[in-house]
Structures are given as C-alpha cells and as structure tokens.
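What follows is one structure encoded as structure tokens, with my remarks underneath.
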Amino acid sequence: AGDKWGNVGFFEPDHAQDDTCVTVMDVHTRPVSSLIFDKMSPHRLFSGAYDSFVRMLDVQQRKAVAVWDCDEDEYGMLCSTGYDHFRHQVMCGHADGSISLIDARSHPARGRPKHLHLHGGKVRSIQVSPVDPNLIATASHDCTVRVWDARKLTATNYLNEWRHGKGVNFVDWSPITGSCLVSTSTDDTLRVLGGIGGGKVTESVIRHDNQTGRWLTPFRAVFDPKCDSAFVVGSMRNPREIEVFSTAGKGERLKRLSHDNFSTITSLNACHPTINVIAGGNSSGKVFVWR
C-alpha cells in the first residue's frame with residue numbers, strides 16, 4: 001500500500017502479532033498513485049507518484065531505483081502508471097491526455113520515451129490485456145474508455161470506445177480471457193464491457209454511488225485475478241461494506257462484505273492472485289484484510 005507522503009508499506013497478515021509484520025519504505029516524496037507487481041518477477045514492484053517519478057522496488061532486497069523521471073514541463077503531470085509484462089515496458093498517463101511508454105529493462109530508462117496524445121483529458125488508468133499484449137485499455141476524464149492496438153497507436157485509431165456521462169477513474173481487464181473490461185466513473189456507474197477481441201461487443205450498466213468527495217480516493221472496481229466472473233469495489237453505503245458484483249447479465253450484486261470492526265470506506269481494494277483474500281485501504285492509513 002502507498003500513502004500520501006510517498007511511503008510504500010508491506011503488511012504480512014499471517015504475522016500480525018509480530019513487531020516486524022509491517023515494513024515501510026521511503027520511496028517517493030508525494031502521494032503514491034499506482035503500485036504494480038511484475039507478474040514475471042513477483043519480487044519487483046513498480047510505483048508511480050505525484051513527484052513525477054516511476055520507481056522499481058526490489059521487495060527482497062528492500063531497495064528502490066528510479067526508472068523514469070517525468071519532466072512535467074515536457075510531458076505533463078503524471079496521473080497514472082501501468083506495466084506491460086510482455087514488453088517490460090512502463091506506461092504512464094498524463095494530465096494533458098497523453099501517454100508515455102518507457103523501457104523498464106534499464107534503471108534509469110535509456111533514451112526518450114515514446115510519447116502519444118490519445119485523449120482529451122487526464123489519462124486516469126492505462127492497462128494491458130493479460131492475454132493479448134497488443135491490446136491496451138485507457139480511461140480518461142474526457143468521459144471515455146478506449147481499447148487500442150499497441151502496434152498502431154494514434155489518437156484516432158482506437159479499436160473500441162465507450163462513453164460515460166462524466167470522467168472515468170479506472171478500467172480493469174478480466175484476468176483469464178481478457179474479453180471483458182470493468183470501468184468506474186463519477187457518473188455513478190460501473191460498466192461491464194464484454195466481447196473485446198472478438199465477437200459482439202456488449203455493455204452492462206450498474207448504478208453505483210461513486211461520489212467519494214474531495215477527501216477520499218475515487219473508487220476503482222477491480223477484478224478478482226482468479227476469475228472473470230466477479231469484481232470488487234468500495235461502497236458509500238451504511239453500514240460500511242465492500243461490494244462484489246458479477247460480470248454476467250445485468251451485473252448482479254453477489255456479496256456485501258461487512259463486519260462490526262469495519263466502519264470506514266475503503267476506496268482501494270485488491271484481491272490476492274492465488275488465495276481467497278481481499279485487502280482494502282482507506283484514506284487514514286488503515287488496511288483491512290478479509291479472509
């Protein structure tokens with residue numbers, strides 16, 4: 001988990017009674033906006049932050065190195081970070097609607113990044129398909145979700161586009177088949193976008209209160225990495241809860257996770273890739289683990 005001071009913390013729930021269950025690393029100087037583990041090398045963690053740096057953390061050695069220093073005068077403010085595991089490439093979204101592609105095999109990266117304008121507003125999320133390395137999904141404050149062919153990236157050459165009523169804060173791929181996306185928008189909807197990469201493209205709209213306000217991180221609906229059929233998202237409802245939705249049909253709510261000890265809003269949630277565990281982080285520095 002990253003915090004607003006630029007720290008990245010590692011928590012081991014199985015050793016929660018030990019003084020060493022939490023390790024904190026001083027990685028950035030401003031809020032951490034993105035954390036992505038390298039699926040090919042799970043000890044490597046890429047982080048992006050509002051200090052304009054992208055860094056690679058070696059979790060085993062507890063060491064961080066700079067991958068890229070984004071010059072805001074040239075590239076614009078760094079708003080989102082993704083990682084292409086197939087090409088070993090960091091992808092950065094900027095406030096002016098552009099993206100940068102950085103070779104992450106050297107630290108710092110050599111040469112100038114590839115820089116492209118793809119949207120008319122902030123790029124809030126950029127994700128590579130887990131199945132097809134040539135498919136990239138982006139979400140923007142220009143109210144659109146777009147899917148691109150990485151081999152033909154130009155501003156008007158997107159493969160698919162979906163429009164929300166307001167800005168889109170996040171988009172996530174279904175992890176097994178890569179045939180579905182879920183998007184989260186401030187227009188109070190979650191949208192399940194199916195049929196990507198072949199077949200008829202479908203769209204299901206789920207009404208959901210996404211008005212987190214000024215002081216809370218916007219919600220991000222994310223898939224369970226173990227299946228295509230369910231995703232989790234934070235909730236504004238009382239009593240406090242985390243919601244689990246189905247991708248089938250009209251997006252049925254499968255589960256509401258609530259507990260007497262859970263009295264907060266966890267804007268950011270993540271599912272463990274191999275075991276049935278969900279972790280949620282709130283805006284006051286707490287992480288809750290559901291088993």
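All residue names refer to the structure tokens as shown: chains lettered A, B, ... in order, residues numbered from 1 in each chain, ligands numbered from 1 in order.
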
I want to know what sits within 9 Å of segment 34-45 of chain A, based on only C-alpha atoms, with residues of the same chain fewer than 3 positions away left out; could you give that as a PyMOL selection string?
chain A and resi 1-2+8+48-49+55-61+79-86+88

Could you write out that same residue set with N, CA, C and O atoms as a compact mmCIF listing (two decimals), in the first residue's frame?
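For reference, out.txt as written:
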```
# COMPACT_ATOMS: atom_id res chain seq x y z
N ALA A 1 0.85 -1.20 0.00
CA ALA A 1 0.00 0.00 0.00
C ALA A 1 0.88 1.24 0.00
O ALA A 1 1.92 1.28 0.66
N GLY A 2 0.45 2.28 -0.76
CA GLY A 2 1.19 3.54 -0.78
C GLY A 2 0.42 4.61 -0.03
O GLY A 2 -0.81 4.55 0.08
N VAL A 8 5.82 3.42 0.83
CA VAL A 8 5.19 2.17 0.43
C VAL A 8 5.35 1.18 1.57
O VAL A 8 6.48 0.94 2.04
N GLY A 48 4.30 4.51 -9.14
CA GLY A 48 4.23 5.84 -9.74
C GLY A 48 3.66 6.80 -8.72
O GLY A 48 2.83 6.42 -7.89
N ALA A 49 4.09 8.06 -8.75
CA ALA A 49 3.66 9.01 -7.73
C ALA A 49 3.59 10.41 -8.31
O ALA A 49 4.06 10.68 -9.42
N ARG A 55 9.35 4.34 -10.04
CA ARG A 55 10.45 3.59 -9.43
C ARG A 55 10.15 2.10 -9.44
O ARG A 55 9.00 1.69 -9.48
N MET A 56 11.23 1.31 -9.39
CA MET A 56 11.12 -0.13 -9.28
C MET A 56 11.68 -0.55 -7.93
O MET A 56 12.82 -0.23 -7.61
N LEU A 57 10.85 -1.23 -7.13
CA LEU A 57 11.26 -1.69 -5.82
C LEU A 57 11.58 -3.18 -5.89
O LEU A 57 10.80 -3.97 -6.42
N ASP A 58 12.73 -3.55 -5.37
CA ASP A 58 13.06 -4.95 -5.19
C ASP A 58 12.62 -5.32 -3.77
O ASP A 58 13.24 -4.90 -2.79
N VAL A 59 11.52 -6.07 -3.65
CA VAL A 59 10.93 -6.36 -2.35
C VAL A 59 11.87 -7.20 -1.49
O VAL A 59 11.94 -7.04 -0.27
N GLN A 60 12.61 -8.10 -2.12
CA GLN A 60 13.52 -8.96 -1.38
C GLN A 60 14.69 -8.19 -0.80
O GLN A 60 15.08 -8.38 0.36
N GLN A 61 15.25 -7.27 -1.59
CA GLN A 61 16.42 -6.51 -1.15
C GLN A 61 16.05 -5.21 -0.44
O GLN A 61 16.93 -4.52 0.09
N CYS A 79 -0.29 11.06 -13.98
CA CYS A 79 -1.59 10.77 -13.35
C CYS A 79 -1.84 9.29 -13.11
O CYS A 79 -2.61 8.94 -12.21
N SER A 80 -1.23 8.44 -13.90
CA SER A 80 -1.46 7.00 -13.76
C SER A 80 -0.25 6.24 -14.29
O SER A 80 0.50 6.75 -15.12
N THR A 81 -0.11 5.01 -13.81
CA THR A 81 1.01 4.17 -14.22
C THR A 81 0.52 2.74 -14.44
O THR A 81 -0.26 2.21 -13.65
N GLY A 82 0.96 2.14 -15.53
CA GLY A 82 0.68 0.73 -15.81
C GLY A 82 1.97 0.03 -16.18
O GLY A 82 3.02 0.67 -16.35
N TYR A 83 1.89 -1.28 -16.30
CA TYR A 83 3.10 -2.04 -16.65
C TYR A 83 2.74 -3.13 -17.65
O TYR A 83 1.81 -3.91 -17.43
N ASP A 84 3.49 -3.18 -18.75
CA ASP A 84 3.34 -4.19 -19.78
C ASP A 84 4.34 -5.30 -19.48
O ASP A 84 5.53 -5.17 -19.72
N HIS A 85 3.83 -6.43 -18.93
CA HIS A 85 4.69 -7.54 -18.53
C HIS A 85 5.31 -8.25 -19.73
O HIS A 85 6.36 -8.88 -19.60
N PHE A 86 4.66 -8.13 -20.88
CA PHE A 86 5.16 -8.82 -22.06
C PHE A 86 6.37 -8.09 -22.65
O PHE A 86 7.34 -8.71 -23.05
N HIS A 88 8.08 -5.60 -21.00
CA HIS A 88 8.87 -4.98 -19.92
C HIS A 88 8.88 -3.46 -20.10
O HIS A 88 9.92 -2.81 -20.13
```

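Excluding Asp14 of chain A itself and same-chain residues fewer than 4 positions from it, the residues having an atom within 12 Å of it are Asp18, Thr20, Cys21, Val22, Val277, Val289 and Arg291 of chain A, counting only C-alpha atoms.
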
Output all heavy atoms for every residue in the selection just made, as a JSON list (two decimals), in the first residue's frame.
```json
[["chain", "number", "residue", "atom", "x", "y", "z"],
["A", 18, "ASP", "N", 3.46, -9.91, 15.35],
["A", 18, "ASP", "CA", 4.89, -9.61, 15.46],
["A", 18, "ASP", "C", 5.15, -8.14, 15.18],
["A", 18, "ASP", "O", 4.43, -7.50, 14.41],
["A", 18, "ASP", "CB", 5.69, -10.46, 14.47],
["A", 18, "ASP", "CG", 5.53, -11.96, 14.71],
["A", 18, "ASP", "OD1", 5.10, -12.32, 15.83],
["A", 18, "ASP", "OD2", 5.81, -12.75, 13.79],
["A", 20, "THR", "N", 7.44, -7.06, 13.45],
["A", 20, "THR", "CA", 8.02, -6.94, 12.11],
["A", 20, "THR", "C", 6.99, -7.21, 11.00],
["A", 20, "THR", "O", 7.37, -7.39, 9.85],
["A", 20, "THR", "CB", 9.19, -7.92, 11.95],
["A", 20, "THR", "OG1", 8.71, -9.26, 12.19],
["A", 20, "THR", "CG2", 10.31, -7.60, 12.93],
["A", 21, "CYS", "N", 5.69, -7.22, 11.34],
["A", 21, "CYS", "CA", 4.68, -7.56, 10.33],
["A", 21, "CYS", "C", 4.50, -6.45, 9.30],
["A", 21, "CYS", "O", 3.93, -6.68, 8.23],
["A", 21, "CYS", "CB", 3.35, -7.90, 10.99],
["A", 21, "CYS", "SG", 2.53, -6.49, 11.77],
["A", 22, "VAL", "N", 4.96, -5.24, 9.61],
["A", 22, "VAL", "CA", 4.86, -4.11, 8.68],
["A", 22, "VAL", "C", 6.25, -3.57, 8.37],
["A", 22, "VAL", "O", 7.04, -3.31, 9.28],
["A", 22, "VAL", "CB", 3.98, -2.98, 9.25],
["A", 22, "VAL", "CG1", 4.02, -1.76, 8.33],
["A", 22, "VAL", "CG2", 2.54, -3.45, 9.42],
["A", 277, "VAL", "N", -8.41, -13.96, -0.50],
["A", 277, "VAL", "CA", -8.19, -12.85, 0.42],
["A", 277, "VAL", "C", -8.44, -11.54, -0.32],
["A", 277, "VAL", "O", -8.02, -11.37, -1.47],
["A", 277, "VAL", "CB", -6.74, -12.86, 0.98],
["A", 277, "VAL", "CG1", -6.45, -11.59, 1.76],
["A", 277, "VAL", "CG2", -6.53, -14.07, 1.88],
["A", 289, "VAL", "N", -8.15, -6.62, 6.03],
["A", 289, "VAL", "CA", -7.98, -7.89, 5.29],
["A", 289, "VAL", "C", -9.18, -8.78, 5.55],
["A", 289, "VAL", "O", -9.53, -9.04, 6.70],
["A", 289, "VAL", "CB", -6.67, -8.59, 5.70],
["A", 289, "VAL", "CG1", -6.55, -9.94, 4.98],
["A", 289, "VAL", "CG2", -5.46, -7.72, 5.39],
["A", 291, "ARG", "N", -10.83, -12.54, 4.89],
["A", 291, "ARG", "CA", -10.47, -13.92, 4.52],
["A", 291, "ARG", "C", -11.72, -14.77, 4.46],
["A", 291, "ARG", "O", -12.66, -14.51, 5.18],
["A", 291, "ARG", "CB", -9.52, -14.50, 5.57],
["A", 291, "ARG", "CG", -8.23, -13.69, 5.80],
["A", 291, "ARG", "CD", -7.33, -14.45, 6.72],
["A", 291, "ARG", "NE", -6.23, -13.65, 7.18],
["A", 291, "ARG", "CZ", -4.97, -14.08, 7.22],
["A", 291, "ARG", "NH1", -4.68, -15.29, 6.84],
["A", 291, "ARG", "NH2", -4.01, -13.31, 7.67]]
```

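Counting only C-alpha atoms, Arg87 of chain A has the following residues at most 12 Å away, ignoring those fewer than 2 positions along the same chain: A:Asp38, A:Met40, A:Tyr83, A:Asp84, A:His85, A:Gln89, A:Val90, A:Met91, A:Leu101, A:Ile102, A:Asp103, A:Ala104, A:Arg105, A:Val128, A:Asp132, A:Pro133, A:Asn134, A:Ala150.
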
Take the residues from that selection and put them in a file with N, CA and C atoms, as a PDB file, in the first residue's frame.
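Here's the written file selection.pdb:
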```
ATOM      1  N   ASP A  38       5.323  -7.016 -10.870  1.00  0.00           N
ATOM      2  CA  ASP A  38       5.730  -7.634 -12.124  1.00  0.00           C
ATOM      3  C   ASP A  38       5.365  -9.117 -12.057  1.00  0.00           C
ATOM      4  N   MET A  40       6.026 -11.507 -14.015  1.00  0.00           N
ATOM      5  CA  MET A  40       7.116 -12.393 -14.403  1.00  0.00           C
ATOM      6  C   MET A  40       8.197 -12.467 -13.321  1.00  0.00           C
ATOM      7  N   TYR A  83       1.888  -1.284 -16.297  1.00  0.00           N
ATOM      8  CA  TYR A  83       3.096  -2.036 -16.655  1.00  0.00           C
ATOM      9  C   TYR A  83       2.745  -3.131 -17.650  1.00  0.00           C
ATOM     10  N   ASP A  84       3.494  -3.177 -18.753  1.00  0.00           N
ATOM     11  CA  ASP A  84       3.345  -4.186 -19.783  1.00  0.00           C
ATOM     12  C   ASP A  84       4.339  -5.303 -19.481  1.00  0.00           C
ATOM     13  N   HIS A  85       3.831  -6.429 -18.930  1.00  0.00           N
ATOM     14  CA  HIS A  85       4.688  -7.540 -18.525  1.00  0.00           C
ATOM     15  C   HIS A  85       5.307  -8.247 -19.730  1.00  0.00           C
ATOM     16  N   GLN A  89       7.678  -2.928 -20.188  1.00  0.00           N
ATOM     17  CA  GLN A  89       7.501  -1.523 -20.515  1.00  0.00           C
ATOM     18  C   GLN A  89       6.562  -0.854 -19.516  1.00  0.00           C
ATOM     19  N   VAL A  90       7.014   0.262 -18.943  1.00  0.00           N
ATOM     20  CA  VAL A  90       6.162   1.065 -18.075  1.00  0.00           C
ATOM     21  C   VAL A  90       5.341   2.010 -18.940  1.00  0.00           C
ATOM     22  N   MET A  91       4.054   2.139 -18.605  1.00  0.00           N
ATOM     23  CA  MET A  91       3.155   3.019 -19.351  1.00  0.00           C
ATOM     24  C   MET A  91       2.634   4.086 -18.396  1.00  0.00           C
ATOM     25  N   LEU A 101       5.556   5.693 -23.019  1.00  0.00           N
ATOM     26  CA  LEU A 101       5.952   4.288 -22.957  1.00  0.00           C
ATOM     27  C   LEU A 101       7.451   4.228 -22.702  1.00  0.00           C
ATOM     28  N   ILE A 102       7.850   3.590 -21.577  1.00  0.00           N
ATOM     29  CA  ILE A 102       9.237   3.616 -21.133  1.00  0.00           C
ATOM     30  C   ILE A 102       9.773   2.200 -21.019  1.00  0.00           C
ATOM     31  N   ASP A 103      10.933   1.950 -21.601  1.00  0.00           N
ATOM     32  CA  ASP A 103      11.596   0.649 -21.485  1.00  0.00           C
ATOM     33  C   ASP A 103      12.113   0.504 -20.055  1.00  0.00           C
ATOM     34  N   ALA A 104      11.600  -0.510 -19.331  1.00  0.00           N
ATOM     35  CA  ALA A 104      11.938  -0.673 -17.914  1.00  0.00           C
ATOM     36  C   ALA A 104      13.071  -1.667 -17.686  1.00  0.00           C
ATOM     37  N   ARG A 105      13.731  -2.086 -18.736  1.00  0.00           N
ATOM     38  CA  ARG A 105      14.786  -3.087 -18.562  1.00  0.00           C
ATOM     39  C   ARG A 105      16.087  -2.486 -18.052  1.00  0.00           C
ATOM     40  N   VAL A 128      -2.745  -3.110 -19.814  1.00  0.00           N
ATOM     41  CA  VAL A 128      -2.515  -4.034 -20.923  1.00  0.00           C
ATOM     42  C   VAL A 128      -3.343  -5.295 -20.701  1.00  0.00           C
ATOM     43  N   ASP A 132      -3.643 -10.718 -24.499  1.00  0.00           N
ATOM     44  CA  ASP A 132      -3.131 -10.223 -25.777  1.00  0.00           C
ATOM     45  C   ASP A 132      -2.292  -8.971 -25.523  1.00  0.00           C
ATOM     46  N   PRO A 133      -0.968  -9.071 -25.653  1.00  0.00           N
ATOM     47  CA  PRO A 133      -0.103  -7.920 -25.350  1.00  0.00           C
ATOM     48  C   PRO A 133      -0.299  -6.746 -26.299  1.00  0.00           C
ATOM     49  N   ASN A 134      -1.036  -6.949 -27.385  1.00  0.00           N
ATOM     50  CA  ASN A 134      -1.258  -5.867 -28.344  1.00  0.00           C
ATOM     51  C   ASN A 134      -2.479  -5.017 -28.013  1.00  0.00           C
ATOM     52  N   ALA A 150      -1.653  -1.820 -29.688  1.00  0.00           N
ATOM     53  CA  ALA A 150      -0.360  -1.237 -29.310  1.00  0.00           C
ATOM     54  C   ALA A 150       0.562  -1.043 -30.506  1.00  0.00           C
TER      55      ALA A 150
END
```

According to DSSP computed on the backbone, where in segment 111-236 of chain A is there strand (DSSP E)? Give the residues as a PyMOL selection string.
chain A and resi 114-117+123-128+135-140+144-149+160-163+168-173+180-185+189-194+202-207+222-223+230-234

Quick one: everything within 8 Å of segment 249-253 of chain A, counting only C-alpha atoms, minus sequence neighbours fewer than 5 positions away in the same chain. Send it as a PyMOL selection string.
chain A and resi 192+204-206+243-244

Can I get the selection written as a PDB file, in the first residue's frame, with all heavy atoms?
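Once written, part.pdb looks like this:
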```
ATOM      1  N   VAL A 192     -19.702  -2.904 -17.376  1.00  0.00           N
ATOM      2  CA  VAL A 192     -19.057  -4.150 -17.775  1.00  0.00           C
ATOM      3  C   VAL A 192     -19.083  -4.200 -19.296  1.00  0.00           C
ATOM      4  O   VAL A 192     -20.154  -4.241 -19.913  1.00  0.00           O
ATOM      5  CB  VAL A 192     -19.783  -5.370 -17.182  1.00  0.00           C
ATOM      6  CG1 VAL A 192     -19.081  -6.658 -17.620  1.00  0.00           C
ATOM      7  CG2 VAL A 192     -19.823  -5.275 -15.658  1.00  0.00           C
ATOM      8  N   SER A 204     -22.952  -3.525 -20.093  1.00  0.00           N
ATOM      9  CA  SER A 204     -23.925  -3.569 -19.000  1.00  0.00           C
ATOM     10  C   SER A 204     -23.629  -2.418 -18.048  1.00  0.00           C
ATOM     11  O   SER A 204     -22.464  -2.188 -17.695  1.00  0.00           O
ATOM     12  CB  SER A 204     -23.843  -4.899 -18.243  1.00  0.00           C
ATOM     13  OG  SER A 204     -24.115  -5.986 -19.091  1.00  0.00           O
ATOM     14  N   VAL A 205     -24.660  -1.701 -17.639  1.00  0.00           N
ATOM     15  CA  VAL A 205     -24.507  -0.535 -16.769  1.00  0.00           C
ATOM     16  C   VAL A 205     -25.052  -0.869 -15.386  1.00  0.00           C
ATOM     17  O   VAL A 205     -26.201  -1.300 -15.248  1.00  0.00           O
ATOM     18  CB  VAL A 205     -25.236   0.693 -17.344  1.00  0.00           C
ATOM     19  CG1 VAL A 205     -25.074   1.891 -16.414  1.00  0.00           C
ATOM     20  CG2 VAL A 205     -24.703   1.016 -18.743  1.00  0.00           C
ATOM     21  N   ILE A 206     -24.219  -0.676 -14.363  1.00  0.00           N
ATOM     22  CA  ILE A 206     -24.608  -0.923 -12.975  1.00  0.00           C
ATOM     23  C   ILE A 206     -24.622   0.419 -12.256  1.00  0.00           C
ATOM     24  O   ILE A 206     -23.601   1.115 -12.211  1.00  0.00           O
ATOM     25  CB  ILE A 206     -23.611  -1.873 -12.281  1.00  0.00           C
ATOM     26  CG1 ILE A 206     -23.510  -3.198 -13.046  1.00  0.00           C
ATOM     27  CG2 ILE A 206     -24.020  -2.117 -10.828  1.00  0.00           C
ATOM     28  CD1 ILE A 206     -22.357  -4.080 -12.588  1.00  0.00           C
ATOM     29  N   GLU A 243     -18.355  -4.232  -1.850  1.00  0.00           N
ATOM     30  CA  GLU A 243     -19.329  -4.920  -2.680  1.00  0.00           C
ATOM     31  C   GLU A 243     -18.643  -5.789  -3.735  1.00  0.00           C
ATOM     32  O   GLU A 243     -17.602  -5.405  -4.291  1.00  0.00           O
ATOM     33  CB  GLU A 243     -20.255  -3.919  -3.358  1.00  0.00           C
ATOM     34  CG  GLU A 243     -21.097  -3.124  -2.359  1.00  0.00           C
ATOM     35  CD  GLU A 243     -21.942  -2.063  -3.022  1.00  0.00           C
ATOM     36  OE1 GLU A 243     -21.361  -1.050  -3.454  1.00  0.00           O
ATOM     37  OE2 GLU A 243     -23.163  -2.248  -3.119  1.00  0.00           O
ATOM     38  N   VAL A 244     -19.242  -6.952  -3.996  1.00  0.00           N
ATOM     39  CA  VAL A 244     -18.763  -7.876  -5.022  1.00  0.00           C
ATOM     40  C   VAL A 244     -19.868  -8.026  -6.056  1.00  0.00           C
ATOM     41  O   VAL A 244     -21.006  -8.377  -5.713  1.00  0.00           O
ATOM     42  CB  VAL A 244     -18.399  -9.248  -4.421  1.00  0.00           C
ATOM     43  CG1 VAL A 244     -17.831 -10.165  -5.504  1.00  0.00           C
ATOM     44  CG2 VAL A 244     -17.402  -9.095  -3.274  1.00  0.00           C
TER      45      VAL A 244
END
```

Neighbour list for Gly121 of chain A as a PDB file with C-alpha atoms, in the first residue's frame, cut-off 8 Å, only C-alpha atoms, skip fewer than 6 positions in-chain:
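Output saved as result_38.pdb:
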```pdb
ATOM      1  CA  ALA A  95      -2.878  15.228 -17.325  1.00  0.00           C
ATOM      2  CA  ASP A  96      -2.966  16.511 -20.918  1.00  0.00           C
ATOM      3  CA  GLY A  97      -4.394  13.241 -22.290  1.00  0.00           C
ATOM      4  CA  SER A 140      -9.858   9.314 -19.136  1.00  0.00           C
ATOM      5  CA  HIS A 141     -11.515  12.382 -17.680  1.00  0.00           C
ATOM      6  CA  ASP A 142     -12.754  13.084 -21.216  1.00  0.00           C
TER       7      ASP A 142
END
```

Residue among A:His94, A:Asp19, A:Ser235, A:Leu216 lying closest to Gly285 of chain A, counting only C-alpha atoms:
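Distance minimum relative to Gly285 of chain A lands on A:Leu216.
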
Name the residues in contact with Ile275 of chain A at a cut-off of 12 Å, using only C-alpha atoms, excluding same-chain residues fewer than 4 positions from it; report them as a count of residues only.
9

Record the distance separating atom CA of Val123 of chain A and atom CA of Gly93 of chain A, expressed in Å with one decimal.
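Computing it gives 4.8 Å between the two atoms.
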
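Distances from A:Glu12, A:Asp172, A:Asp3, A:Glu74 to Arg124 of chain A were compared using only C-alpha atoms, and the smallest one belongs to A:Asp172.
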